[in-house]
Structure formats: C-alpha cells, structure tokens
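Q: Just one file: final01.txt, with compact mmCIF, C-alpha atoms.
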# COMPACT_ATOMS: atom_id res chain seq x y z
CA MET A 805 31.97 -64.58 28.15
CA ARG A 806 35.43 -63.35 27.25
CA SER A 807 36.95 -60.17 28.65
CA VAL A 808 38.18 -57.38 26.40
CA GLN A 809 41.73 -57.92 27.71
CA ASP A 810 41.66 -61.65 26.96
CA HIS A 811 40.28 -61.14 23.47
CA LEU A 812 42.81 -58.42 22.66
CA ALA A 813 45.67 -60.55 24.01
CA ALA A 814 44.56 -63.48 21.83
CA VAL A 815 44.40 -61.22 18.77
CA LEU A 816 47.87 -59.74 19.27
CA ALA A 817 49.36 -63.17 20.03
CA ALA A 818 48.01 -64.50 16.73
CA VAL A 819 49.32 -61.79 14.42
CA GLY A 820 52.84 -60.70 13.65
CA PRO A 821 54.62 -58.44 11.19
CA VAL A 822 54.06 -59.18 7.53
CA PRO A 823 57.23 -60.91 6.22
CA PRO A 824 59.78 -58.32 5.03
CA LEU A 825 60.34 -57.49 1.38
CA ASP A 826 62.79 -55.38 -0.60
CA VAL A 827 60.73 -52.64 -2.23
CA VAL A 828 61.48 -49.57 -4.33
CA LEU A 829 61.40 -46.22 -2.53
CA HIS A 830 58.00 -45.32 -3.95
CA ASP A 831 56.45 -48.40 -2.36
CA ALA A 832 58.22 -47.90 0.98
CA VAL A 833 56.18 -44.81 1.94
CA GLY A 834 54.54 -45.39 5.33
CA CYS A 835 56.19 -48.79 5.81
CA ILE A 836 58.32 -49.87 8.76
CA LEU A 837 61.99 -50.54 8.11
CA ALA A 838 62.78 -54.22 8.63
CA ALA A 839 66.60 -53.91 8.71
CA ASP A 840 69.05 -51.22 9.77
CA LEU A 841 70.06 -48.89 6.95
CA VAL A 842 73.85 -48.64 7.15
CA ALA A 843 75.78 -45.95 5.26
CA THR A 844 78.19 -47.39 2.70
CA HIS A 845 79.91 -44.04 2.11
CA ASP A 846 80.30 -40.58 3.62
CA LEU A 847 77.64 -37.94 2.98
CA PRO A 848 78.62 -35.68 1.42
CA ALA A 849 81.28 -37.82 -0.24
CA LEU A 850 83.44 -34.70 -0.84
CA SER A 851 83.59 -31.30 0.78
CA VAL A 852 81.09 -29.06 -1.04
CA ALA A 853 80.12 -25.40 -1.10
CA SER A 854 77.00 -24.53 0.88
CA ARG A 855 76.62 -21.09 -0.79
CA ASP A 856 77.10 -19.62 -4.25
CA GLY A 857 80.35 -17.66 -4.21
CA TYR A 858 84.10 -18.08 -4.50
CA ALA A 859 86.20 -20.97 -3.21
CA VAL A 860 89.45 -19.75 -1.69
CA ALA A 861 92.26 -20.70 0.65
CA ALA A 862 91.42 -18.56 3.67
CA HIS A 863 95.04 -17.45 4.17
CA ASP A 864 95.04 -15.96 0.66
CA THR A 865 92.31 -13.50 1.73
CA SER A 866 94.12 -12.06 4.74
CA ARG A 867 94.52 -8.68 3.00
CA SER A 868 90.97 -8.61 1.65
CA GLY A 869 88.72 -5.64 2.31
CA TYR A 870 87.63 -2.75 0.15
CA ALA A 871 89.75 -0.35 2.21
CA THR A 872 92.91 -2.40 1.56
CA GLU A 873 92.13 -3.66 -1.90
CA THR A 874 93.83 -6.97 -2.84
CA PRO A 875 91.65 -8.69 -5.48
CA LEU A 876 92.21 -12.36 -6.31
CA PRO A 877 92.29 -13.63 -9.90
CA VAL A 878 89.29 -15.85 -10.75
CA ALA A 879 90.84 -18.96 -12.25
CA HIS A 880 87.84 -21.20 -12.95
CA ASP A 881 84.10 -21.87 -12.56
CA VAL A 882 82.83 -25.01 -10.80
CA ARG A 883 79.28 -26.38 -10.96
CA PRO A 884 77.67 -29.40 -9.25
CA GLY A 885 78.19 -32.63 -11.15
CA GLN A 886 81.39 -31.66 -12.92
CA GLY A 887 83.73 -34.62 -13.13
CA GLY A 888 87.34 -34.67 -11.99
CA ALA A 889 88.93 -32.95 -9.01
CA LEU A 890 90.03 -29.36 -9.57
CA ARG A 891 93.11 -28.05 -7.75
CA LEU A 892 93.13 -24.46 -6.55
CA VAL A 893 96.12 -22.47 -7.75
CA PRO A 894 97.56 -20.61 -4.73
CA GLY A 895 96.62 -16.94 -4.68
CA THR A 896 93.50 -17.42 -6.86
CA ALA A 897 89.77 -17.90 -6.36
CA VAL A 898 87.36 -20.27 -8.08
CA ARG A 899 83.80 -19.21 -8.77
CA ILE A 900 81.63 -22.00 -7.30
CA ALA A 901 77.95 -22.92 -7.18
CA SER A 902 76.23 -24.24 -4.06
CA GLY A 903 76.59 -28.03 -3.93
CA ALA A 904 79.70 -28.15 -6.12
CA PRO A 905 82.79 -29.96 -4.82
CA LEU A 906 85.42 -27.74 -3.24
CA PRO A 907 88.69 -27.57 -5.23
CA ILE A 908 91.68 -29.28 -3.63
CA GLY A 909 93.53 -26.66 -1.62
CA ALA A 910 90.44 -24.50 -0.91
CA ASP A 911 89.09 -24.39 2.63
CA ALA A 912 86.43 -21.64 2.55
CA VAL A 913 83.70 -20.15 0.38
CA VAL A 914 83.07 -16.41 0.23
CA PRO A 915 79.37 -15.76 -0.60
CA LEU A 916 78.60 -13.70 -3.70
CA GLU A 917 76.97 -10.95 -1.68
CA GLU A 918 80.24 -10.35 0.23
CA THR A 919 82.16 -9.68 -3.01
CA ASP A 920 82.02 -7.38 -6.02
CA ARG A 921 80.95 -10.43 -8.13
CA GLY A 922 83.96 -10.09 -10.38
CA THR A 923 84.50 -12.56 -13.21
CA ALA A 924 88.20 -11.97 -13.93
CA ARG A 925 89.27 -10.66 -10.52
CA VAL A 926 87.22 -10.57 -7.34
CA SER A 927 87.35 -8.22 -4.35
CA MET A 928 85.99 -9.30 -0.96
CA GLN A 929 84.54 -7.31 1.92
CA ARG A 930 86.62 -9.06 4.57
CA PRO A 931 89.06 -11.96 5.06
CA ALA A 932 87.56 -15.46 4.93
CA VAL A 933 87.62 -17.89 7.83
CA ALA A 934 88.64 -21.48 7.17
CA GLY A 935 85.58 -23.74 7.01
CA GLN A 936 83.04 -21.01 6.34
CA HIS A 937 80.16 -22.03 4.07
CA VAL A 938 81.69 -25.47 3.50
CA ARG A 939 79.96 -28.80 4.10
CA ALA A 940 82.87 -31.03 4.97
CA ALA A 941 83.04 -34.60 3.65
CA GLY A 942 81.20 -36.90 6.08
CA SER A 943 79.74 -33.98 8.04
CA ASP A 944 76.21 -35.38 7.57
CA VAL A 945 76.83 -39.15 7.60
CA ARG A 946 79.93 -41.27 8.08
CA ALA A 947 80.42 -44.59 6.29
CA GLY A 948 79.40 -47.38 8.65
CA ASP A 949 76.83 -45.26 10.54
CA VAL A 950 73.36 -46.72 11.13
CA VAL A 951 71.43 -43.88 9.54
CA LEU A 952 67.95 -45.40 9.98
CA ALA A 953 67.30 -48.06 12.61
CA VAL A 954 65.06 -51.08 12.17
CA GLY A 955 61.52 -50.17 13.24
CA THR A 956 61.63 -46.67 11.76
CA ARG A 957 58.49 -45.53 9.95
CA LEU A 958 59.43 -44.29 6.49
CA GLY A 959 58.07 -40.87 5.63
CA ALA A 960 59.32 -38.05 3.43
CA ARG A 961 62.32 -37.16 5.59
CA GLN A 962 63.51 -40.74 5.98
CA LEU A 963 63.14 -41.48 2.27
CA ALA A 964 65.11 -38.33 1.46
CA LEU A 965 67.99 -39.70 3.52
CA ALA A 966 67.79 -43.14 1.92
CA ALA A 967 67.74 -41.63 -1.55
CA ALA A 968 70.66 -39.33 -0.71
CA MET A 969 72.59 -42.44 0.30
CA GLY A 970 71.90 -43.91 -3.13
CA ARG A 971 69.53 -46.61 -1.91
CA GLY A 972 66.88 -47.37 -4.54
CA ARG A 973 65.30 -50.22 -2.53
CA LEU A 974 64.66 -50.74 1.17
CA ARG A 975 63.83 -53.82 3.23
CA VAL A 976 60.50 -53.16 4.92
CA HIS A 977 57.48 -54.80 6.43
CA PRO A 978 55.04 -54.15 3.58
CA THR A 979 51.71 -52.46 4.16
CA PRO A 980 49.13 -55.11 5.21
CA ARG A 981 46.40 -55.72 2.63
CA VAL A 982 42.94 -55.89 4.19
CA VAL A 983 39.90 -57.34 2.43
CA LEU A 984 36.57 -55.96 3.69
CA LEU A 985 33.32 -57.90 3.25
CA SER A 986 29.88 -56.83 4.49
CA VAL A 987 27.14 -59.47 4.75
CA GLY A 988 23.37 -58.95 4.81
CA ASP A 989 20.34 -59.34 2.55
CA GLU A 990 19.20 -55.89 3.66
CA LEU A 991 22.31 -54.03 2.46
CA VAL A 992 22.25 -51.70 -0.55
CA GLU A 993 24.96 -49.39 -1.82
CA PRO A 994 24.67 -45.69 -0.86
CA GLY A 995 23.37 -43.72 -3.84
CA SER A 996 21.08 -46.53 -4.96
CA THR A 997 17.61 -45.45 -6.09
CA GLY A 998 14.31 -47.26 -5.78
CA THR A 999 15.42 -49.25 -2.74
CA ARG A 1000 13.07 -51.89 -1.40
CA PRO A 1001 11.31 -51.64 1.98
CA GLY A 1002 13.60 -52.64 4.82
CA ALA A 1003 16.78 -51.89 2.87
CA VAL A 1004 19.75 -50.51 4.80
CA TYR A 1005 22.54 -48.49 3.22
CA GLU A 1006 25.87 -50.27 3.52
CA ALA A 1007 27.99 -48.13 5.86
CA ASP A 1008 30.44 -50.61 7.40
CA GLY A 1009 32.55 -51.19 4.30
CA HIS A 1010 32.98 -47.49 3.56
CA ALA A 1011 33.78 -46.62 7.17
CA LEU A 1012 36.23 -49.47 7.65
CA GLU A 1013 37.91 -48.74 4.31
CA ALA A 1014 38.78 -45.29 5.65
CA ALA A 1015 39.76 -46.68 9.05
CA VAL A 1016 42.11 -49.23 7.48
CA ARG A 1017 43.86 -46.52 5.49
CA ASP A 1018 44.09 -44.32 8.58
CA ALA A 1019 45.82 -47.22 10.34
CA GLY A 1020 48.42 -47.30 7.56
CA ALA A 1021 47.18 -50.38 5.71
CA ALA A 1022 45.77 -50.95 2.22
CA SER A 1023 42.12 -51.89 1.79
CA VAL A 1024 40.14 -53.87 -0.78
CA ARG A 1025 36.40 -53.39 -0.31
CA VAL A 1026 34.13 -56.09 -1.76
CA ALA A 1027 30.53 -55.26 -2.68
CA ALA A 1028 27.96 -56.20 -0.04
CA LEU A 1029 27.10 -59.90 -0.02
CA PRO A 1030 23.70 -61.50 0.66
CA ASP A 1031 23.09 -63.95 3.48
CA ASP A 1032 23.93 -66.87 1.21
CA ARG A 1033 26.43 -69.46 2.40
CA ALA A 1034 27.69 -70.45 -1.06
CA ILE A 1035 28.20 -66.83 -2.16
CA LEU A 1036 30.05 -65.93 1.06
CA ARG A 1037 32.32 -68.96 0.84
CA GLU A 1038 33.10 -68.25 -2.81
CA ALA A 1039 33.89 -64.60 -2.03
CA LEU A 1040 36.24 -65.59 0.76
CA GLU A 1041 38.05 -68.10 -1.43
CA ASP A 1042 38.38 -65.57 -4.26
CA GLN A 1043 39.70 -62.80 -2.03
CA LEU A 1044 42.01 -64.79 0.23
CA VAL A 1045 44.89 -64.81 -2.24
CA ARG A 1046 45.22 -61.00 -2.02
CA ALA A 1047 44.67 -60.62 1.73
CA ASP A 1048 46.96 -60.34 4.72
CA LEU A 1049 43.85 -59.84 6.86
CA VAL A 1050 40.09 -60.19 6.30
CA VAL A 1051 37.46 -58.14 8.11
CA LEU A 1052 33.89 -59.35 7.76
CA THR A 1053 30.90 -57.44 9.15
CA GLY A 1054 27.35 -58.65 9.70
CA GLY A 1055 25.87 -62.12 9.66
CA LEU A 1056 26.76 -62.86 13.29
CA SER A 1057 23.26 -63.38 14.64
CA GLU A 1058 22.75 -66.72 16.34
CA LEU A 1059 19.49 -67.15 14.42
CA THR A 1060 19.30 -69.59 11.53
CA HIS A 1061 19.26 -67.14 8.61
CA ASP A 1062 22.68 -65.61 9.37
CA THR A 1063 25.52 -67.37 7.60
CA VAL A 1064 28.92 -66.45 8.99
CA LYS A 1065 29.29 -69.10 11.68
CA ASP A 1066 28.40 -71.99 9.35
CA VAL A 1067 30.66 -70.75 6.55
CA LEU A 1068 33.73 -70.05 8.70
CA ALA A 1069 33.65 -73.23 10.79
CA PRO A 1070 35.31 -75.58 8.24
CA LEU A 1071 37.66 -72.99 6.79
CA GLY A 1072 40.17 -72.66 9.61
CA THR A 1073 40.36 -71.83 13.30
CA VAL A 1074 37.79 -69.05 13.75
CA ARG A 1075 36.35 -68.76 17.24
CA LEU A 1076 33.07 -66.92 17.91
CA ASP A 1077 32.79 -65.30 21.32
CA GLN A 1078 30.64 -63.04 23.42
CA VAL A 1079 33.07 -60.30 24.50
CA ALA A 1080 32.24 -58.31 27.62
CA MET A 1081 31.87 -54.93 25.90
CA THR A 1082 29.24 -52.63 24.49
CA PRO A 1083 28.77 -51.89 21.68
CA GLY A 1084 30.29 -54.82 19.80
CA TYR A 1085 29.19 -57.71 22.00
CA ARG A 1086 29.69 -60.58 19.55
CA HIS A 1087 33.01 -61.25 17.84
CA GLY A 1088 34.72 -63.79 15.65
CA PHE A 1089 38.47 -64.11 15.29
CA GLY A 1090 40.88 -66.72 13.99
CA ALA A 1091 42.44 -67.73 10.68
CA ILE A 1092 41.14 -69.21 7.46
CA GLY A 1093 43.09 -71.16 4.87
CA GLY A 1094 46.28 -73.04 5.62
CA GLU A 1095 46.79 -76.67 6.60
CA GLY A 1096 43.63 -78.51 7.57
CA SER A 1097 41.32 -75.95 5.95
CA ASP A 1098 38.80 -76.71 3.23
CA PHE A 1099 40.53 -74.01 1.17
CA GLN A 1100 43.45 -75.02 -1.03
CA GLN A 1101 45.54 -71.98 -0.10
CA ASP A 1102 48.53 -73.06 2.01
CA ARG A 1103 48.76 -69.69 3.81
CA ALA A 1104 46.57 -69.04 6.85
CA VAL A 1105 45.09 -65.53 6.90
CA PRO A 1106 43.75 -63.86 10.07
CA ILE A 1107 40.08 -62.90 9.95
CA PHE A 1108 37.86 -60.72 12.13
CA ALA A 1109 34.08 -61.10 12.13
CA LEU A 1110 32.39 -58.02 13.58
CA GLN A 1111 28.79 -57.12 14.27
CA GLY A 1112 27.04 -55.27 11.47
CA HIS A 1113 25.88 -52.20 13.37
CA PRO A 1114 28.20 -49.42 12.15
CA VAL A 1115 29.00 -48.15 15.64
CA ALA A 1116 29.73 -51.67 16.94
CA ALA A 1117 31.90 -52.36 13.89
CA GLN A 1118 33.90 -49.15 14.26
CA VAL A 1119 34.37 -49.49 18.01
CA SER A 1120 35.51 -53.09 17.55
CA PHE A 1121 37.89 -51.96 14.84
CA GLU A 1122 39.47 -49.39 17.16
CA VAL A 1123 39.79 -51.80 20.07
CA PHE A 1124 40.96 -54.94 18.26
CA VAL A 1125 41.56 -54.60 14.52
CA ARG A 1126 43.60 -51.40 14.46
CA PRO A 1127 46.17 -52.68 17.01
CA ALA A 1128 46.44 -55.92 15.02
CA LEU A 1129 47.06 -54.00 11.79
CA ARG A 1130 49.71 -51.85 13.44
CA ALA A 1131 51.44 -54.97 14.77
CA MET A 1132 51.31 -56.59 11.33
CA ALA A 1133 52.90 -53.50 9.80
CA GLY A 1134 55.80 -53.76 12.25
CA HIS A 1135 54.92 -50.82 14.52
CA THR A 1136 56.05 -51.03 18.13
CA GLU A 1137 53.36 -48.55 19.25
CA VAL A 1138 50.10 -50.23 18.28
CA PHE A 1139 47.54 -48.43 20.45
CA ARG A 1140 45.82 -45.09 20.14
CA PRO A 1141 46.89 -42.49 22.71
CA SER A 1142 44.67 -42.16 25.78
CA VAL A 1143 44.01 -39.38 28.26
CA ALA A 1144 42.26 -39.15 31.62
CA ALA A 1145 39.34 -36.71 31.44
CA VAL A 1146 36.77 -35.45 33.94
CA ALA A 1147 33.15 -36.18 33.01
CA GLU A 1148 31.00 -33.05 32.88
CA THR A 1149 27.79 -35.08 33.02
CA GLY A 1150 26.91 -38.54 34.33
CA TRP A 1151 25.34 -41.63 32.78
CA LEU A 1152 24.57 -45.27 33.50
CA SER A 1153 26.76 -48.15 32.40
CA PRO A 1154 25.66 -51.82 32.10
CA PRO A 1155 27.05 -54.22 34.72
CA GLY A 1156 29.81 -56.62 33.68
CA LEU A 1157 30.50 -54.91 30.34
CA ARG A 1158 33.19 -52.46 29.31
CA GLN A 1159 31.34 -49.52 27.80
CA PHE A 1160 32.74 -47.42 24.96
CA VAL A 1161 30.95 -44.07 24.69
CA PRO A 1162 31.47 -41.55 21.87
CA ALA A 1163 32.60 -38.32 23.48
CA THR A 1164 34.11 -34.94 22.93
CA VAL A 1165 37.31 -34.41 24.92
CA LEU A 1166 38.64 -30.87 25.34
CA GLY A 1167 41.56 -29.40 27.27
CA SER A 1168 45.34 -29.64 27.41
CA PRO A 1169 48.01 -31.42 29.45
CA ASP A 1170 48.52 -28.29 31.55
CA GLU A 1171 44.90 -27.47 32.34
CA GLY A 1172 43.62 -31.05 32.26
CA TYR A 1173 40.94 -32.64 30.10
CA ARG A 1174 37.16 -32.75 30.33
CA LEU A 1175 34.72 -34.94 28.45
CA VAL A 1176 31.13 -34.66 27.31
CA PRO A 1177 29.33 -37.85 26.14
CA LEU A 1178 27.55 -37.53 22.81
CA GLY A 1179 24.08 -38.93 22.31
CA ASP A 1180 22.58 -41.50 24.67
CA PRO A 1181 25.42 -43.72 25.98
CA SER A 1182 23.02 -46.66 26.20
CA GLU A 1183 22.01 -46.40 22.51
CA PRO A 1184 24.91 -46.54 20.00
CA SER A 1185 24.48 -43.64 17.59
CA ILE A 1186 26.19 -43.20 14.21
CA SER A 1187 25.73 -39.44 14.38
CA ALA A 1188 27.26 -39.29 17.88
CA LEU A 1189 30.28 -41.28 16.74
CA ALA A 1190 30.67 -39.04 13.68
CA HIS A 1191 31.07 -35.98 15.92
CA ALA A 1192 33.26 -37.64 18.58
CA ASN A 1193 37.01 -37.20 18.93
CA ALA A 1194 37.35 -39.89 21.59
CA LEU A 1195 35.79 -42.98 23.14
CA ALA A 1196 35.17 -42.77 26.88
CA VAL A 1197 35.98 -46.18 28.36
CA VAL A 1198 33.92 -47.19 31.40
CA GLY A 1199 35.05 -50.24 33.38
CA GLU A 1200 33.02 -53.40 33.88
CA THR A 1201 32.38 -52.68 37.57
CA ASP A 1202 31.30 -49.05 37.14
CA LEU A 1203 27.51 -48.99 37.01
CA THR A 1204 27.25 -45.20 37.11
CA VAL A 1205 29.50 -42.45 35.85
CA HIS A 1206 29.15 -39.41 38.10
CA PRO A 1207 29.80 -35.79 37.12
CA GLY A 1208 33.39 -34.99 38.09
CA GLN A 1209 34.52 -38.64 37.79
CA THR A 1210 37.80 -39.26 35.95
CA ILE A 1211 37.39 -41.52 32.92
CA HIS A 1212 40.09 -42.86 30.61
CA CYS A 1213 39.45 -41.94 26.98
CA LEU A 1214 40.76 -43.42 23.75
CA VAL A 1215 41.70 -40.48 21.54
CA LEU A 1216 40.47 -40.94 17.98
CA GLU A 1217 41.88 -37.79 16.39
CA GLY A 1218 43.82 -34.62 17.15
Go ahead and express the file in the form of structure tokens.

A:
Amino acid sequence: MRSVQDHLAAVLAAVGPVPPLDVVLHDAVGCILAADLVATHDLPALSVASRDGYAVAAHDTSRSGYATETPLPVAHDVRPGQGGALRLVPGTAVRIASGAPLPIGADAVVPLEETDRGTARVSMQRPAVAGQHVRAAGSDVRAGDVVLAVGTRLGARQLALAAAMGRGRLRVHPTPRVVLLSVGDELVEPGSTGTRPGAVYEADGHALEAAVRDAGAASVRVAALPDDRAILREALEDQLVRADLVVLTGGLSELTHDTVKDVLAPLGTVRLDQVAMTPGYRHGFGAIGGEGSDFQQDRAVPIFALQGHPVAAQVSFEVFVRPALRAMAGHTEVFRPSVAAVAETGWLSPPGLRQFVPATVLGSPDEGYRLVPLGDPSEPSISALAHANALAVVGETDLTVHPGQTIHCLVLEG
C-alpha cells in the first residue's frame, strides 16, 4: 500500500509546467507569465495632465487670485491623441483635457473648478504650484523596469499594465487542457427519462468539469463510456491529441468486468495502487502515449484513474489532481490553504488510512477555528460534501477523534 505523501510526491515529480507559448492578451487571462515583462519605454511616455483644466507655467500665476485679478490669455486647446508637441507661450495658458500631453514649458495644471472657465482669458482662484495635477513622464514605469515578474498570474490588473505598455502578446504557460472520461455500464446522463433498473446518474464528469475550471484549467468532458475495452481505448486515442492531462473515473474494480487496468497497461506507464486513504482507496497514475506506447502519438500525456464514487473522485481530485494542474499551469503555490480547527464532536477513523471528512469550519484567525463533521464520517456522502467548506484530515495513526482535538483541515472555499 502506498502512502498519500508518496503518491502525491510521485504525481508532482511527473508533471511540470505546460511549455510556454506567446498568446494574445485575450488568451492570457488566468495564465502564469513565463518570462519577465520588461518595459521598453517610459509610462507615461510624456508628461500628461491628470485633470481637465489649464496648463500653465506656475511662475506665470504668481499674481493669480480673484482679489488681485491677473487673467492669463488662453492660447490653445489640447486633447489626448493630438500629434506634435505644443510649446507654451510665456504668460499664457492652454486649455487641456485629462490625459493630454503637457505643452513644452508648462509645469502645472489648474483644474477647471479652480478657475472661471474662461475661453479667451482665464482667471484662477490661487497661484499654481509646479507639478500639481501632472503625471510626469516615467512616473508610473521607467524603461528597463521589470513591470511583471515571471510567475505572475495574469488577471485584469496585470493585463491592463501589459496593454498600457503596448504589449499585444505575452509569453505564458497556457491553461492546461483536461479531458474527463467516466466509465461504467450503469451510467446515464442526468435528465435522462425512462432509465433502466440499476442505472446511476453520471455525477463525476459534471463535478470534475467544475473542479477543473475552479483550478484554472480548461476541461473537455466526454460522454459516459460503457465498460467496453475497445470503446475506452478508442476514446482515449481520439481525445489524447487535445489533452495535457486525462482524468478517468470508474472502472477500477479488480473484478473481471471492469476495463481500465487492461486498457491502460499497454498504452504507457500507468501504475495502479492502493493508496492509504479513505475515501479514494484505489488510484491509477502515469502517462499514456509517447515512445514505447501502442498509441502513435509521440507526446506522453499524464493520466489519473480515480474511483467512480463521486465523493472518492472529488476528494482524490483535491488531494492529487488539483495540485498537479496548478503545477502544470506554472503556479508556485499548488495546494489549497489549510487551517487547524478544534473538533466540536468526535468520530472514529480507520487504522492505517488517512481519512478525509467533509466538514464545516467556522471562525477566524483571531478567535480560532472550530469544525463540525457532516454526515457519517465512515460513509462518504455526496450531500455532506455538497454542504462542506473543508475536508478534515485525520492521520493514519489516529483511531479516534475526540471532542476538543485539533484537526488540520483543507479549506475548499471561502
């Protein structure tokens, strides 16, 4: 039997960031930057007005003030995007819009609301101060600065900076593409009518599709497959070309009618293990395709084979698949946050297995956290997991959790 730590270490050692690509800004959303973004020019490139008003040389306004009226002639209007540098005539003002380049010789902007808004001559409430309401050239970014470091996740704010620097493409680790396949003769699609006796609604694919997206990856869900070796092999071969990772659920029974072990064996390096955890006892992990595989594809693709029970599949995803996806996307932080919480009630835990129990965790860093298990910890429950915001993690040597005991919890959501 393999420990959770050993299995997780093997998973993370086998996956790495998806090779970097240059992508347009639209496709960079949520990706991890694969190379430093270095400024090629100052931002702003020229000194610009930060308010609508009048550009002036501050020393020309020394006698300004309605009590000592000395209006300045308004010599010109300047708007953003106008070509050519304008030079300020000494002793005049230029009407200027926010974002427009400051005329040569001007060093301040007087906001409209501090003037009489004159169009031929303008009076000001008070003298201007050099630098007021001016964004100096290079005040935001200097040429040569590393404005976004490798490893940065690209969201709205980061893309705004890249676009402002004129970068239409960025070098990123692209979002991993995950193909999801569920296996089982008993599976039918939710919403189906007239289902046969013994049919089970296919939950794994829908749940894992959402989990993959939550992890920041892209998912391709394939319709449920029967326990047929030829159909499963054909589906894998068809889907491999579009996958950076494959997640397969179901078909892991050691009885003769389940298909996954027989199908995967000649296709790569998949290893099936009993992992010392509950739920999610049986696991497969390795790669299919590549050199030595029965498939023609020359690229080896990592694959997870998870148990078909929806709770086992989702717990296994959180413990193993999600960290792998985060690593493939180039994240340095691959694990969910965890907190230590005090159990309000006790329960039994099986010997030699790491137990993952759906739980509600409440509290704060200041007051501490407390946890309440949901459902029967010994019987994995889909409804309990649906209402949980954490997984309580009980160690292999803890046979009983006592009220008041501190338990580490994997936080699933805020």

Q: May I have a table of the residues of stretch 1060-1110 of chain A lying at most 12 Å from stretch 1197-1205 of chain A, giving each one's closest pair of atoms and their distance in Å to one decimal, counting all atoms listed in the file, ordered by chain and ascending residue number, as CSV?

A:
residue,atom,partner,partner_atom,distance
A:Val1079,CA,A:Glu1200,CA,11.6
A:Ala1080,CA,A:Glu1200,CA,8.0
A:Met1081,CA,A:Glu1200,CA,8.2
A:Thr1082,CA,A:Val1198,CA,10.0
A:Pro1083,CA,A:Val1197,CA,11.4

Q: Hey, can you spit out that residue selection with C-alpha atoms as a PDB file, in the frame of the given file?

A:
ATOM      1  CA  VAL A1079      33.070 -60.300  24.500  1.00  0.00           C
ATOM      2  CA  ALA A1080      32.240 -58.310  27.620  1.00  0.00           C
ATOM      3  CA  MET A1081      31.870 -54.930  25.900  1.00  0.00           C
ATOM      4  CA  THR A1082      29.240 -52.630  24.490  1.00  0.00           C
ATOM      5  CA  PRO A1083      28.770 -51.890  21.680  1.00  0.00           C
TER       6      PRO A1083
END

Q: Mind checking which residues fall within 7 Å of stretch 1104-1117 of chain A, counting all atoms listed in the file, ignoring those fewer than 5 positions away in the same chain, and posting them as a list in words?

A: Ala1007, Asp1008, Asp1048, Leu1049, Val1050, Val1051, Leu1052, Thr1053, Gly1054, Leu1056, Pro1083, Gly1084, Arg1086, His1087, Gly1088, Phe1089, Gly1090, Ala1091, Ile1092, Gly1093, Gly1094, Pro1184, Ser1185 and Ile1186 of chain A

Q: I'd like to know which of A:Ala904, A:Val1176, A:Ala1196, A:Val1123 is closest to A:Gln809, using only C-alpha atoms.

A: A:Val1123

Q: Skipping near chain neighbours, those fewer than 6 positions away, what residues fall within 12 Å of A:Gly885 using only C-alpha atoms, listed as a VMD selection string?

A: chain A and resid 850 852 900 to 906

Q: Nearest to A:Ala1021 among A:Ala1145, A:Val1165, A:Val833, A:Val819, with distances taken over all atoms listed in the file: which residue is it?

A: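 The closest residue to A:Ala1021 is A:Val833.
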
Q: Just checking: using all atoms listed in the file, which residue out of A:Val992, A:Val926, A:Ala1144, A:Cys835 ends up closest to A:His977?

A: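 Closest candidate: A:Cys835.
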
Q: What's the 12 Å shell around A:Ala964, counting all atoms listed in the file, without same-chain residues fewer than 5 positions away, as a list of chain:residue names?

A: A:Leu829, A:His830, A:Ala832, A:Val833, A:Val951, A:Leu952, A:Leu958, A:Gly959, A:Met969, A:Gly970, A:Arg971, A:Gly972

Q: Counting only C-alpha atoms, what is within 6 Å of stretch 1030-1037 of chain A, bar same-chain residues fewer than 3 positions away, as a list in words?

A: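 Surrounding residues, per the criterion: Val987, Gly988, Asp989, Leu1040 and Thr1063 of chain A.
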
Q: Rounded to one decimal place, report the atom CA of A:Thr1073-atom CA of A:Ser1120 distance in Å.

A: 19.8 Å

Q: So that I can see what lies close to A:Ala1190, please list as number ranges by chain the residues with an atom at most 12 Å from it, counting all atoms listed in the file and leaving out residues fewer than 2 positions away in the same chain.

A: A: 1011, 1114-1115, 1118-1119, 1162-1164, 1178-1179, 1184-1188, 1192-1195, 1216-1217

Q: Quote the spacing between atom CA of A:Asp944 and atom CA of A:Arg855 in Å to one decimal place.

A: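 According to the coordinates, atom CA of A:Asp944 and atom CA of A:Arg855 are separated by 16.6 Å.
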
Q: Can you work out which one of A:Ala968, A:Thr896, A:Arg973, A:Asp856 has the shortest atom-to-atom distance to A:Glu918, counting all atoms listed in the file?

A: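 Among the listed residues, the smallest separation from A:Glu918 belongs to A:Asp856.
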
Q: Would you mind writing stretch 1154-1164 of chain A with N, CA, C and O atoms, as a compact mmCIF listing (two decimals), in the frame of the given file?

A:
# COMPACT_ATOMS: atom_id res chain seq x y z
N PRO A 1154 26.17 -50.48 31.81
CA PRO A 1154 25.66 -51.82 32.10
C PRO A 1154 26.65 -52.63 32.93
O PRO A 1154 27.86 -52.53 32.73
N PRO A 1155 26.16 -53.43 33.86
CA PRO A 1155 27.05 -54.22 34.72
C PRO A 1155 27.77 -55.31 33.92
O PRO A 1155 27.21 -55.93 33.03
N GLY A 1156 29.05 -55.52 34.25
CA GLY A 1156 29.81 -56.62 33.68
C GLY A 1156 30.32 -56.38 32.28
O GLY A 1156 30.98 -57.25 31.71
N LEU A 1157 30.06 -55.21 31.70
CA LEU A 1157 30.50 -54.91 30.34
C LEU A 1157 31.38 -53.66 30.34
O LEU A 1157 31.10 -52.70 31.08
N ARG A 1158 32.40 -53.67 29.51
CA ARG A 1158 33.19 -52.46 29.31
C ARG A 1158 32.47 -51.61 28.27
O ARG A 1158 32.25 -52.05 27.14
N GLN A 1159 32.14 -50.39 28.66
CA GLN A 1159 31.34 -49.52 27.80
C GLN A 1159 32.23 -48.51 27.08
O GLN A 1159 33.08 -47.86 27.69
N PHE A 1160 32.01 -48.39 25.77
CA PHE A 1160 32.74 -47.42 24.96
C PHE A 1160 31.74 -46.36 24.48
O PHE A 1160 30.82 -46.67 23.71
N VAL A 1161 31.92 -45.14 24.92
CA VAL A 1161 30.95 -44.07 24.69
C VAL A 1161 31.57 -42.99 23.81
O VAL A 1161 32.60 -42.40 24.19
N PRO A 1162 30.97 -42.68 22.65
CA PRO A 1162 31.47 -41.55 21.87
C PRO A 1162 31.42 -40.26 22.69
O PRO A 1162 30.42 -39.99 23.36
N ALA A 1163 32.50 -39.50 22.63
CA ALA A 1163 32.60 -38.32 23.48
C ALA A 1163 33.44 -37.25 22.81
O ALA A 1163 34.23 -37.53 21.91
N THR A 1164 33.23 -36.05 23.29
CA THR A 1164 34.11 -34.94 22.93
C THR A 1164 35.02 -34.67 24.12
O THR A 1164 34.54 -34.47 25.24
